[in-house]
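K.L.:
Next comes the structure file input21.csv, holding CSV, C-alpha atoms.
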```csv
chain,number,residue,atom,x,y,z
A,229,MET,CA,27.1,58.3,67.5
A,230,ARG,CA,27.7,54.6,67.8
A,231,LEU,CA,26.3,54.0,64.4
A,232,LEU,CA,28.3,56.8,62.9
A,233,ALA,CA,31.5,55.4,64.5
A,234,LEU,CA,30.7,51.9,63.2
A,235,LEU,CA,30.2,53.2,59.7
A,236,HIS,CA,33.3,55.3,59.9
A,237,GLY,CA,35.4,52.4,61.1
A,238,TRP,CA,34.1,49.8,58.6
A,239,ALA,CA,34.4,52.1,55.6
A,240,GLY,CA,37.9,53.2,56.7
A,241,GLY,CA,39.0,49.6,57.2
A,242,ILE,CA,37.9,48.7,53.6
A,243,VAL,CA,39.3,51.6,51.7
A,244,GLY,CA,42.0,52.9,54.0
A,245,LEU,CA,44.9,51.5,52.0
A,246,LEU,CA,43.6,52.9,48.7
A,247,LEU,CA,43.4,56.3,50.3
A,248,ALA,CA,46.9,55.9,51.6
A,249,VAL,CA,48.1,55.1,48.0
A,250,ILE,CA,46.3,58.3,46.7
A,251,GLY,CA,47.9,60.3,49.5
A,252,LEU,CA,51.4,59.1,48.9
A,253,SER,CA,51.4,59.4,45.1
A,254,GLY,CA,49.8,62.8,45.3
A,255,THR,CA,52.5,64.0,47.8
A,256,VAL,CA,55.3,62.9,45.5
A,257,LEU,CA,53.6,64.5,42.5
A,258,VAL,CA,53.4,67.9,44.4
A,259,TRP,CA,57.2,68.1,44.1
A,260,GLU,CA,57.4,66.7,40.6
A,261,GLU,CA,59.4,69.5,39.0
A,262,SER,CA,62.0,69.3,41.8
A,263,TRP,CA,63.1,65.8,41.2
A,264,ILE,CA,62.9,65.3,37.4
A,265,GLY,CA,66.6,66.3,37.4
A,266,LEU,CA,67.3,66.0,33.6
A,267,PRO,CA,69.7,68.3,31.8
A,268,GLY,CA,68.0,71.6,31.1
A,269,ALA,CA,65.4,71.2,33.8
A,270,ASP,CA,66.7,74.3,35.6
A,271,ASP,CA,67.1,76.5,32.5
A,272,PRO,CA,65.4,79.9,32.7
A,273,LEU,CA,62.3,80.3,30.7
A,274,THR,CA,62.5,81.6,27.1
A,275,ALA,CA,59.2,82.7,25.6
A,276,ASP,CA,60.5,83.5,22.1
A,277,PRO,CA,57.8,82.2,19.6
A,278,ALA,CA,60.4,81.4,17.0
A,279,GLN,CA,62.5,79.3,19.4
A,280,ILE,CA,59.3,77.5,20.7
A,281,GLY,CA,58.3,76.8,17.1
A,282,GLN,CA,61.7,75.3,16.4
A,283,ALA,CA,61.3,73.1,19.5
A,284,VAL,CA,58.0,71.8,18.1
A,285,ALA,CA,59.7,71.0,14.8
A,286,ALA,CA,62.4,69.1,16.7
A,287,ALA,CA,59.8,67.1,18.6
A,288,ILE,CA,58.1,66.2,15.3
A,289,ALA,CA,61.5,65.3,13.8
A,290,GLU,CA,62.0,62.9,16.7
A,291,ASP,CA,58.6,61.2,16.0
A,292,PRO,CA,56.1,62.5,13.4
A,293,ALA,CA,53.2,61.0,15.4
A,294,LEU,CA,53.3,63.9,17.9
A,295,SER,CA,50.1,64.2,19.9
A,296,ARG,CA,50.8,67.2,22.1
A,297,ILE,CA,53.7,69.2,23.5
A,298,THR,CA,53.6,71.0,26.9
A,299,PHE,CA,56.0,73.9,26.9
A,300,ALA,CA,58.6,74.8,29.6
A,301,ASN,CA,57.6,77.1,32.4
A,302,ASP,CA,59.3,78.8,35.4
A,303,ASP,CA,59.2,75.5,37.4
A,304,LEU,CA,60.5,73.2,34.7
A,305,GLY,CA,62.7,74.4,31.9
A,306,LEU,CA,62.0,71.4,29.6
A,307,HIS,CA,59.3,70.8,26.9
A,308,GLN,CA,57.4,67.5,27.3
A,309,ALA,CA,56.3,65.8,24.0
A,310,ILE,CA,53.7,63.1,24.1
A,311,TYR,CA,53.2,60.8,21.0
A,312,THR,CA,50.2,58.9,19.8
A,313,ASP,CA,51.7,55.5,20.6
A,314,GLY,CA,52.0,56.4,24.3
A,315,GLY,CA,55.7,57.3,24.2
A,316,GLY,CA,57.2,60.7,24.8
A,317,ALA,CA,60.3,62.9,25.2
A,318,TYR,CA,61.8,65.8,27.1
A,319,LEU,CA,63.4,68.5,25.0
A,320,THR,CA,65.4,71.5,26.1
A,321,GLN,CA,64.1,74.9,25.0
A,322,ALA,CA,66.7,74.8,22.2
A,323,GLY,CA,65.0,71.6,20.8
A,324,VAL,CA,67.6,69.0,22.0
A,325,VAL,CA,66.1,65.7,23.2
A,326,VAL,CA,67.4,64.8,26.6
A,327,ASP,CA,65.2,61.8,27.4
A,328,ARG,CA,63.0,59.5,25.4
A,329,TRP,CA,60.6,56.8,26.6
A,330,ASP,CA,58.3,54.3,24.9
A,331,SER,CA,55.5,54.1,27.4
A,332,MET,CA,54.4,55.7,30.7
A,333,TRP,CA,56.5,53.2,32.6
A,334,GLY,CA,59.6,54.9,31.2
A,335,ARG,CA,59.1,58.0,33.5
A,336,PRO,CA,58.1,57.9,37.2
A,337,GLU,CA,56.1,61.1,37.0
A,338,LEU,CA,53.9,59.6,34.3
A,339,TRP,CA,53.0,56.3,36.0
A,340,LEU,CA,52.6,58.1,39.4
A,341,PHE,CA,50.1,60.4,37.8
A,342,ASP,CA,48.3,57.4,36.3
A,343,LEU,CA,48.3,55.7,39.7
A,344,HIS,CA,47.0,58.8,41.5
A,345,HIS,CA,44.3,59.6,39.0
A,346,TYR,CA,43.4,56.3,37.5
A,347,LEU,CA,44.8,53.6,39.9
A,348,PHE,CA,46.1,51.9,36.7
A,349,MET,CA,42.5,51.1,35.7
A,350,GLY,CA,41.7,53.7,33.0
A,351,GLU,CA,38.2,55.3,33.1
A,352,ILE,CA,36.9,52.9,35.7
A,353,GLY,CA,39.8,53.8,38.0
A,354,GLU,CA,39.1,57.5,37.4
A,355,TYR,CA,35.6,57.1,38.7
A,356,LEU,CA,36.9,55.0,41.6
A,357,THR,CA,39.3,57.8,42.7
A,358,GLY,CA,36.4,60.2,42.4
A,359,ALA,CA,34.4,58.0,44.7
A,360,LEU,CA,37.4,57.8,47.1
A,361,GLY,CA,37.5,61.6,47.1
A,362,LEU,CA,33.9,61.8,48.2
A,363,LEU,CA,34.6,59.1,50.8
A,364,LEU,CA,37.5,61.1,52.1
A,365,LEU,CA,35.2,64.1,52.4
A,366,ALA,CA,32.8,62.0,54.4
A,367,PHE,CA,35.6,60.6,56.6
A,368,ALA,CA,36.9,64.0,57.4
A,369,VAL,CA,33.5,65.4,58.4
A,370,THR,CA,32.4,62.4,60.4
A,371,GLY,CA,35.8,62.2,62.0
A,372,LEU,CA,35.5,65.7,63.2
A,373,ILE,CA,32.1,65.0,64.6
A,374,LEU,CA,33.4,61.9,66.5
A,375,TRP,CA,36.5,63.8,67.7
A,376,TRP,CA,34.4,66.7,69.1
A,377,ARG,CA,33.2,64.5,72.0
A,378,THR,CA,36.8,63.8,73.1
A,379,ARG,CA,38.4,67.1,72.2
A,380,ARG,CA,39.5,67.8,75.8
A,381,SER,CA,41.9,64.9,75.6
A,382,PHE,CA,43.5,66.1,72.4
A,383,GLU,CA,47.2,65.2,72.1
A,384,PHE,CA,49.1,65.7,68.8
A,385,ARG,CA,51.2,62.7,68.0
A,386,LEU,CA,52.9,61.8,64.7
A,387,TRP,CA,53.0,58.2,65.7
A,388,PRO,CA,50.8,56.2,68.2
A,389,ALA,CA,52.2,56.0,71.7
A,390,ARG,CA,51.8,52.2,71.6
A,391,PHE,CA,51.0,49.9,68.8
A,392,THR,CA,47.7,48.9,70.2
A,393,LYS,CA,44.3,49.4,68.8
A,394,GLY,CA,43.3,51.9,71.5
A,395,ALA,CA,46.5,54.0,71.0
A,396,ILE,CA,46.1,53.9,67.2
A,397,ILE,CA,42.5,55.1,67.5
A,398,ARG,CA,43.5,58.0,69.7
A,399,GLN,CA,46.4,59.0,67.4
A,400,HIS,CA,44.1,58.6,64.4
A,401,ARG,CA,41.4,60.8,65.9
A,402,ASP,CA,43.7,63.6,66.9
A,403,ILE,CA,45.9,63.8,63.8
A,404,GLY,CA,42.8,63.5,61.7
A,405,ALA,CA,41.3,66.5,63.3
A,406,VAL,CA,44.4,68.6,62.5
A,407,ALA,CA,44.6,67.4,58.9
A,408,SER,CA,40.9,67.6,58.2
A,409,PRO,CA,40.6,71.1,56.8
A,410,VAL,CA,43.2,70.5,54.1
A,411,LEU,CA,41.9,67.0,53.4
A,412,ILE,CA,38.4,68.4,52.9
A,413,LEU,CA,39.7,70.9,50.4
A,414,SER,CA,41.8,68.2,48.6
A,415,ALA,CA,38.8,65.9,48.5
A,416,LEU,CA,36.4,68.5,47.2
A,417,THR,CA,38.7,69.8,44.4
A,418,GLY,CA,39.7,66.3,43.3
A,419,ALA,CA,36.1,65.0,43.3
A,420,PHE,CA,34.8,68.1,41.4
A,421,MET,CA,37.4,67.6,38.7
A,422,ILE,CA,36.3,64.0,38.2
A,423,PHE,CA,32.6,64.7,38.6
A,424,PRO,CA,32.2,68.1,36.9
A,425,ALA,CA,28.4,67.7,36.9
A,426,VAL,CA,28.4,68.0,40.7
A,427,SER,CA,30.5,71.1,40.6
A,428,GLU,CA,28.2,72.6,37.9
A,429,ALA,CA,25.2,71.9,40.0
A,430,LEU,CA,26.6,73.6,43.0
A,431,LEU,CA,27.9,76.6,41.0
A,432,THR,CA,24.7,77.1,39.1
A,433,PRO,CA,23.8,80.5,40.8
A,434,TRP,CA,27.1,81.9,39.4
A,435,ALA,CA,27.0,80.3,36.0
A,436,ASP,CA,26.1,82.0,32.7
A,437,PRO,CA,24.1,79.6,30.5
A,438,ALA,CA,26.0,80.9,27.5
A,439,GLU,CA,29.3,79.7,29.0
A,440,THR,CA,28.2,76.2,30.0
A,441,ALA,CA,28.7,74.6,26.5
A,442,ALA,CA,32.2,73.8,25.4
A,443,PRO,CA,33.5,76.0,22.6
A,444,ILE,CA,33.0,74.7,19.1
A,445,GLN,CA,36.3,74.1,17.4
A,446,PRO,CA,36.4,75.5,13.9
A,447,GLU,CA,37.3,73.4,10.9
A,448,THR,CA,40.2,74.2,8.6
A,449,ASP,CA,39.8,74.6,4.8
A,450,GLY,CA,42.1,71.7,4.0
A,451,PRO,CA,43.8,68.6,5.4
A,452,HIS,CA,46.6,68.7,8.0
A,453,ALA,CA,49.7,70.2,6.4
A,454,SER,CA,52.7,67.9,6.5
A,455,ALA,CA,55.2,70.8,6.7
A,456,THR,CA,53.7,73.4,9.0
A,457,ASP,CA,55.7,76.6,9.6
A,458,TRP,CA,55.8,76.2,13.4
A,459,PRO,CA,57.5,79.6,14.2
A,460,THR,CA,54.8,81.3,12.2
A,461,VAL,CA,52.1,79.4,14.1
A,462,MET,CA,53.5,80.4,17.4
A,463,ALA,CA,54.0,84.0,16.4
A,464,ASN,CA,50.4,84.3,15.2
A,465,ALA,CA,49.1,82.7,18.4
A,466,GLN,CA,51.2,85.1,20.5
A,467,ALA,CA,49.9,88.1,18.6
A,468,ALA,CA,46.3,87.0,19.6
A,469,PHE,CA,47.3,87.2,23.3
A,470,PRO,CA,50.5,89.2,23.5
A,471,GLU,CA,50.8,89.0,27.3
A,472,ALA,CA,50.0,85.3,27.6
A,473,LEU,CA,52.5,82.4,27.8
A,474,PRO,CA,52.1,79.4,25.4
A,475,ARG,CA,51.6,76.3,27.4
A,476,ARG,CA,50.3,73.3,25.4
A,477,LEU,CA,50.0,72.7,21.7
A,478,THR,CA,47.7,69.8,20.6
A,479,LEU,CA,48.0,68.6,17.1
A,480,PRO,CA,44.9,67.6,15.1
A,481,GLN,CA,44.3,63.8,14.8
A,482,LYS,CA,42.0,64.0,11.8
A,483,PRO,CA,41.9,66.1,8.6
A,484,GLY,CA,40.1,69.4,8.9
A,485,ALA,CA,40.7,69.8,12.6
A,486,PRO,CA,42.6,72.8,13.8
A,487,LEU,CA,45.7,73.1,15.9
A,488,THR,CA,44.8,73.9,19.5
A,489,LEU,CA,47.1,76.0,21.6
A,490,ARG,CA,46.5,76.6,25.3
A,491,MET,CA,47.9,79.8,26.7
A,492,LYS,CA,48.1,81.2,30.2
A,493,GLN,CA,47.2,84.8,31.1
A,494,SER,CA,48.5,86.5,34.2
A,495,PHE,CA,45.2,86.1,36.1
A,496,GLU,CA,44.9,82.3,35.5
A,497,TRP,CA,46.0,79.9,38.2
A,498,THR,CA,45.9,76.7,36.1
A,499,PRO,CA,49.5,76.0,35.0
A,500,ASN,CA,48.5,75.2,31.4
A,501,GLY,CA,46.0,78.0,31.2
A,502,ARG,CA,42.4,78.1,30.0
A,503,THR,CA,43.0,80.5,27.1
A,504,TYR,CA,42.5,78.7,23.8
A,505,VAL,CA,43.8,79.7,20.3
A,506,TYR,CA,42.7,77.6,17.3
A,507,LEU,CA,44.9,77.8,14.2
A,508,ASP,CA,45.0,76.4,10.7
A,509,PRO,CA,47.9,73.9,10.5
A,510,ALA,CA,48.4,74.7,6.8
A,511,THR,CA,48.7,78.4,7.0
A,512,GLY,CA,49.2,79.2,10.7
A,513,THR,CA,46.2,81.5,10.6
A,514,VAL,CA,44.2,82.1,13.8
A,515,LEU,CA,40.7,80.7,13.3
A,516,ALA,CA,39.2,81.4,16.7
A,517,THR,CA,40.0,82.2,20.3
A,518,ASP,CA,38.4,81.5,23.7
A,519,ASP,CA,39.3,84.1,26.3
A,520,PRO,CA,38.5,83.1,30.0
A,521,ALA,CA,38.6,86.8,30.9
A,522,THR,CA,35.1,87.0,29.4
A,523,GLY,CA,33.9,84.0,31.3
A,524,ASP,CA,31.5,83.8,34.2
A,525,THR,CA,32.2,83.4,37.9
A,526,ALA,CA,31.5,79.7,37.9
A,527,SER,CA,34.2,79.1,35.3
A,528,ALA,CA,36.7,81.3,37.3
A,529,ILE,CA,36.0,79.1,40.4
A,530,THR,CA,36.3,75.8,38.4
A,531,GLU,CA,39.7,77.0,37.0
A,532,LYS,CA,41.1,77.0,40.5
A,533,TYR,CA,40.4,73.3,41.3
A,534,TYR,CA,43.5,71.8,39.8
A,535,PRO,CA,46.1,74.3,40.9
A,536,VAL,CA,44.9,74.2,44.5
A,537,HIS,CA,44.7,70.4,44.5
A,538,ALA,CA,48.1,69.9,42.9
A,539,GLY,CA,50.0,72.7,44.7
A,540,LYS,CA,50.5,74.8,41.5
A,541,VAL,CA,49.8,78.0,43.4
A,542,GLY,CA,50.9,79.3,46.8
A,543,GLY,CA,54.6,78.5,46.4
A,544,VAL,CA,56.6,76.3,48.7
A,545,ALA,CA,54.4,77.1,51.7
A,546,TRP,CA,51.3,75.5,50.1
A,547,ARG,CA,53.2,72.6,48.9
A,548,LEU,CA,54.5,71.9,52.4
A,549,VAL,CA,50.9,72.1,53.7
A,550,LEU,CA,49.8,69.6,51.0
A,551,THR,CA,52.7,67.4,51.8
A,552,CYS,CA,51.8,67.3,55.5
A,553,SER,CA,48.2,66.5,54.8
A,554,GLY,CA,49.2,63.8,52.2
A,555,LEU,CA,51.5,62.1,54.7
A,556,ALA,CA,48.8,62.4,57.3
A,557,LEU,CA,46.4,60.6,54.9
A,558,VAL,CA,49.0,57.8,54.5
A,559,LEU,CA,49.2,57.3,58.3
A,560,LEU,CA,45.4,57.6,58.7
A,561,GLY,CA,44.7,55.0,56.0
A,562,THR,CA,47.4,52.4,56.8
A,563,LEU,CA,47.1,52.4,60.6
A,564,ALA,CA,43.3,52.5,60.4
A,565,THR,CA,43.3,49.5,58.1
A,566,TRP,CA,45.8,47.6,60.3
A,567,SER,CA,43.9,48.3,63.6
A,568,PHE,CA,40.6,47.4,62.0
A,569,TRP,CA,41.6,44.1,60.6
A,570,PHE,CA,44.4,43.0,62.9
A,571,GLY,CA,44.3,45.1,66.1
A,572,SER,CA,41.2,43.4,67.6
A,573,LYS,CA,42.6,39.9,66.8
A,574,ARG,CA,45.8,40.7,68.6
A,575,ARG,CA,43.8,42.0,71.6
A,576,LYS,CA,41.8,38.8,71.7
A,577,SER,CA,44.8,36.6,71.3
A,578,ARG,CA,46.4,38.3,74.3
A,579,LYS,CA,43.3,37.5,76.3
A,580,ARG,CA,43.1,33.9,75.5
A,581,PRO,CA,46.2,32.7,77.4
A,582,GLY,CA,45.0,34.5,80.5
A,583,ALA,CA,41.6,33.1,80.2
A,584,ALA,CA,42.9,29.6,79.7
A,585,THR,CA,45.1,30.0,82.8
A,586,ALA,CA,42.2,31.2,84.9
A,587,ARG,CA,40.1,28.3,83.8
A,588,ALA,CA,43.0,25.9,84.7
A,589,LEU,CA,43.2,27.3,88.2
A,590,VAL,CA,39.5,26.7,88.8
A,591,PRO,CA,39.0,23.0,89.9
A,592,ARG,CA,36.5,21.0,88.0
A,593,GLN,CA,33.6,19.7,90.0
A,594,ALA,CA,34.7,16.1,89.4
A,595,ASP,CA,38.0,16.9,91.2
A,596,LEU,CA,36.3,18.3,94.3
A,597,PRO,CA,36.5,16.1,97.4
```
Show the structure stored in the file as structure tokens.

P.N.:
Amino acid sequence: MRLLALLHGWAGGIVGLLLAVIGLSGTVLVWEESWIGLPGADDPLTADPAQIGQAVAAAIAEDPALSRITFANDDLGLHQAIYTDGGGAYLTQAGVVVDRWDSMWGRPELWLFDLHHYLFMGEIGEYLTGALGLLLLAFAVTGLILWWRTRRSFEFRLWPARFTKGAIIRQHRDIGAVASPVLILSALTGAFMIFPAVSEALLTPWADPAETAAPIQPETDGPHASATDWPTVMANAQAAFPEALPRRLTLPQKPGAPLTLRMKQSFEWTPNGRTYVYLDPATGTVLATDDPATGDTASAITEKYYPVHAGKVGGVAWRLVLTCSGLALVLLGTLATWSFWFGSKRRKSRKRPGAATARALVPRQADLP
């Protein structure tokens, strides 16, 4: 137990602040749709293919280098266009641009997501956040083991009773025990998204080998059309899955590649869906589809990771739970780091004056009569 406590303390002291950053940015992102606050953000959803197609055309008219457009949903009544140069725009469902930015720094939700997912370090940062997720899992499990010995003295406190190392450790131990179940779930879902091979290995008993490979995207007969009939494209895609909602359209970045439309069926939890429709940009013809309804159990479980992790299911109640656990992680990380690096020094500094006074009161042998 002493070795476990030592490892827990040292690891927490080193990465505590990073976990606090992950917890705070994730908590803010959980409520993303609530604070965007642009004109049209609260508009009711309109799922008319013709109007959606006109909005795509408006996004391209704003900048022909459109990379993808994520369509409005019940939580946010705006389309979000992302361009190949890193800029983007929000459009109303009528196709009116209400905000435009040149990089991710132009919108807080974009740089917050980059901070939460990449720590502003690109692919290396993504692997680092995945490792932090696994460490958080280890902290939660080992913390529960260490807490079990002192469970009879449990006392729930949002803040330490005193700003001393002992009081911080007691508050850390007890609030960590309360938050651990949700933190374990968040850590697992986050790590599995970044390290899919780990998830695939664990879900092998429920996987169909035919479903493990990514679907092969078909090729079109000709180059990317410069004047695509977007209402026709959206109408043809809707006909392939009449009950599904169009969620994200990705434009081809090279000749011969198809348009890729993600749609969401009623049984899917992922906000952008896992239903794929591939279309010819020149004619709007549906070339192929990928229906998750025919997938295996492992794929159905994997599809749940992001919506559970990001609070995209469960309504306000689950978002509040994630908010509490995220703020608990901020407290656990910051106070643990402070107590590890500075708490012991303060304790020693308080002891030195007393020790010096005691030594001063003891007469030296040379002063004895």

K.L.:
Between CA of Ser331 in chain A and CA of Leu273 in chain A, what is the spacing in Å?

P.N.:
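Spanning CA of Leu273 in chain A to CA of Ser331 in chain A is a straight-line distance of 27.3 Å.
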
K.L.:
For each of A:Arg328, A:Lys482, A:His307, A:Arg335, take the minimum atom-to-atom distance to Trp263 in chain A, counting only C-alpha atoms, then give the residue where this is smallest.

P.N.:
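Checking each of A:Arg328, A:Lys482, A:His307, A:Arg335 against Trp263 in chain A, counting only C-alpha atoms, the winner is A:Arg335.
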
K.L.:
Determine, counting only C-alpha atoms, which protein, DNA and RNA residues have an atom within 12 Å of an atom of range 284-297 of chain A; residues of the same chain fewer than 2 positions away are not included. Present the result as a ChimeraX atom specification.

P.N.:
/A:277-282,299-300,306-330,454-462,474-482,487-490,500

K.L.:
Within 12 Å of range 524-536 of chain A, counting only C-alpha atoms, which residues show up once you throw out same-chain ones fewer than 5 positions away? Write them as a JSON list (two decimals) with C-alpha atoms, keeping the file's coordinate frame, please.

P.N.:
```
[["chain", "number", "residue", "atom", "x", "y", "z"],
["A", 258, "VAL", "CA", 53.40, 67.90, 44.40],
["A", 410, "VAL", "CA", 43.20, 70.50, 54.10],
["A", 411, "LEU", "CA", 41.90, 67.00, 53.40],
["A", 413, "LEU", "CA", 39.70, 70.90, 50.40],
["A", 414, "SER", "CA", 41.80, 68.20, 48.60],
["A", 415, "ALA", "CA", 38.80, 65.90, 48.50],
["A", 416, "LEU", "CA", 36.40, 68.50, 47.20],
["A", 417, "THR", "CA", 38.70, 69.80, 44.40],
["A", 418, "GLY", "CA", 39.70, 66.30, 43.30],
["A", 419, "ALA", "CA", 36.10, 65.00, 43.30],
["A", 420, "PHE", "CA", 34.80, 68.10, 41.40],
["A", 421, "MET", "CA", 37.40, 67.60, 38.70],
["A", 422, "ILE", "CA", 36.30, 64.00, 38.20],
["A", 423, "PHE", "CA", 32.60, 64.70, 38.60],
["A", 424, "PRO", "CA", 32.20, 68.10, 36.90],
["A", 425, "ALA", "CA", 28.40, 67.70, 36.90],
["A", 426, "VAL", "CA", 28.40, 68.00, 40.70],
["A", 427, "SER", "CA", 30.50, 71.10, 40.60],
["A", 428, "GLU", "CA", 28.20, 72.60, 37.90],
["A", 429, "ALA", "CA", 25.20, 71.90, 40.00],
["A", 430, "LEU", "CA", 26.60, 73.60, 43.00],
["A", 431, "LEU", "CA", 27.90, 76.60, 41.00],
["A", 432, "THR", "CA", 24.70, 77.10, 39.10],
["A", 433, "PRO", "CA", 23.80, 80.50, 40.80],
["A", 434, "TRP", "CA", 27.10, 81.90, 39.40],
["A", 435, "ALA", "CA", 27.00, 80.30, 36.00],
["A", 436, "ASP", "CA", 26.10, 82.00, 32.70],
["A", 437, "PRO", "CA", 24.10, 79.60, 30.50],
["A", 438, "ALA", "CA", 26.00, 80.90, 27.50],
["A", 439, "GLU", "CA", 29.30, 79.70, 29.00],
["A", 440, "THR", "CA", 28.20, 76.20, 30.00],
["A", 441, "ALA", "CA", 28.70, 74.60, 26.50],
["A", 442, "ALA", "CA", 32.20, 73.80, 25.40],
["A", 492, "LYS", "CA", 48.10, 81.20, 30.20],
["A", 495, "PHE", "CA", 45.20, 86.10, 36.10],
["A", 496, "GLU", "CA", 44.90, 82.30, 35.50],
["A", 497, "TRP", "CA", 46.00, 79.90, 38.20],
["A", 498, "THR", "CA", 45.90, 76.70, 36.10],
["A", 499, "PRO", "CA", 49.50, 76.00, 35.00],
["A", 500, "ASN", "CA", 48.50, 75.20, 31.40],
["A", 501, "GLY", "CA", 46.00, 78.00, 31.20],
["A", 502, "ARG", "CA", 42.40, 78.10, 30.00],
["A", 503, "THR", "CA", 43.00, 80.50, 27.10],
["A", 519, "ASP", "CA", 39.30, 84.10, 26.30],
["A", 541, "VAL", "CA", 49.80, 78.00, 43.40],
["A", 542, "GLY", "CA", 50.90, 79.30, 46.80],
["A", 543, "GLY", "CA", 54.60, 78.50, 46.40],
["A", 546, "TRP", "CA", 51.30, 75.50, 50.10],
["A", 547, "ARG", "CA", 53.20, 72.60, 48.90],
["A", 549, "VAL", "CA", 50.90, 72.10, 53.70],
["A", 550, "LEU", "CA", 49.80, 69.60, 51.00]]
```

K.L.:
When distances are computed from all atoms listed in the file, which of A:Leu266, A:Leu231, A:Ala465, A:Ala510 shows the smallest separation from Leu304 in chain A?

P.N.:
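Looking only at the distances to Leu304 in chain A, the closest residue turns out to be A:Leu266.
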
K.L.:
Calculated over only C-alpha atoms, which of the candidates A:Leu374, A:Ala405, A:Ile352, A:Leu563 has the smallest distance to Gly240 in chain A?

P.N.:
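Among the listed residues, A:Leu563 lies closest to Gly240 in chain A.
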
K.L.:
If I take CA of Leu473 in chain A and CA of Leu548 in chain A, how far is one from the other in Å, to one decimal?

P.N.:
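About the pair CA of Leu473 in chain A and CA of Leu548 in chain A: they are 26.8 Å apart.
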
K.L.:
One decimal, Å: what's the distance from CA of Met491 in chain A over to CA of Pro470 in chain A, could you say?

P.N.:
10.3 Å

K.L.:
Using all atoms listed in the file, which protein or nucleic acid residues come within 9 Å of Leu246 in chain A? Drop anything in the same chain fewer than 3 positions from it, and give the result as a list in words.

P.N.:
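Here the qualifying residues turn out to be Ile242, Val243, Val249, Ile250, Gly251, Leu347, Thr357, Leu360, Gly561 and Thr562 of chain A.
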
K.L.:
Got a sec to check which residues sit within 12 Å of (40.3, 45.2, 63.4), counting all atoms listed in the file, and write them as a ChimeraX atom specification?

P.N.:
/A:234,237-242,392-394,396-397,563-576

K.L.:
So which one's closest to Ala368 in chain A, A:His400, A:Trp339, A:Pro388, A:Ala395? Using only C-alpha atoms, please.

P.N.:
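When distances to Ala368 in chain A are compared using only C-alpha atoms, the smallest one comes from A:His400.
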
K.L.:
Of the candidates A:Ala248, A:Ala516, A:Ala275, A:Ile264, which shows the shortest atom-to-atom distance to Gln466 in chain A, using only C-alpha atoms?

P.N.:
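Ranking A:Ala248, A:Ala516, A:Ala275, A:Ile264 by distance to Gln466 in chain A, first place goes to A:Ala275.
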
K.L.:
Taking all atoms listed in the file into account, which of A:Arg230, A:Arg380, A:His344, A:Arg398 comes nearest Leu560 in chain A?

P.N.:
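When distances to Leu560 in chain A are compared using all atoms listed in the file, the smallest one comes from A:Arg398.
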
K.L.:
Name the residues in contact with Phe367 in chain A at a cut-off of 9 Å, using only C-alpha atoms, excluding same-chain residues fewer than 2 positions from it; report them as a list in words.

P.N.:
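In the requested form, the answer reads His236, Ala239, Gly240, Leu362, Leu363, Leu364, Leu365, Val369, Thr370, Gly371, Leu372 and Ser408 of chain A.
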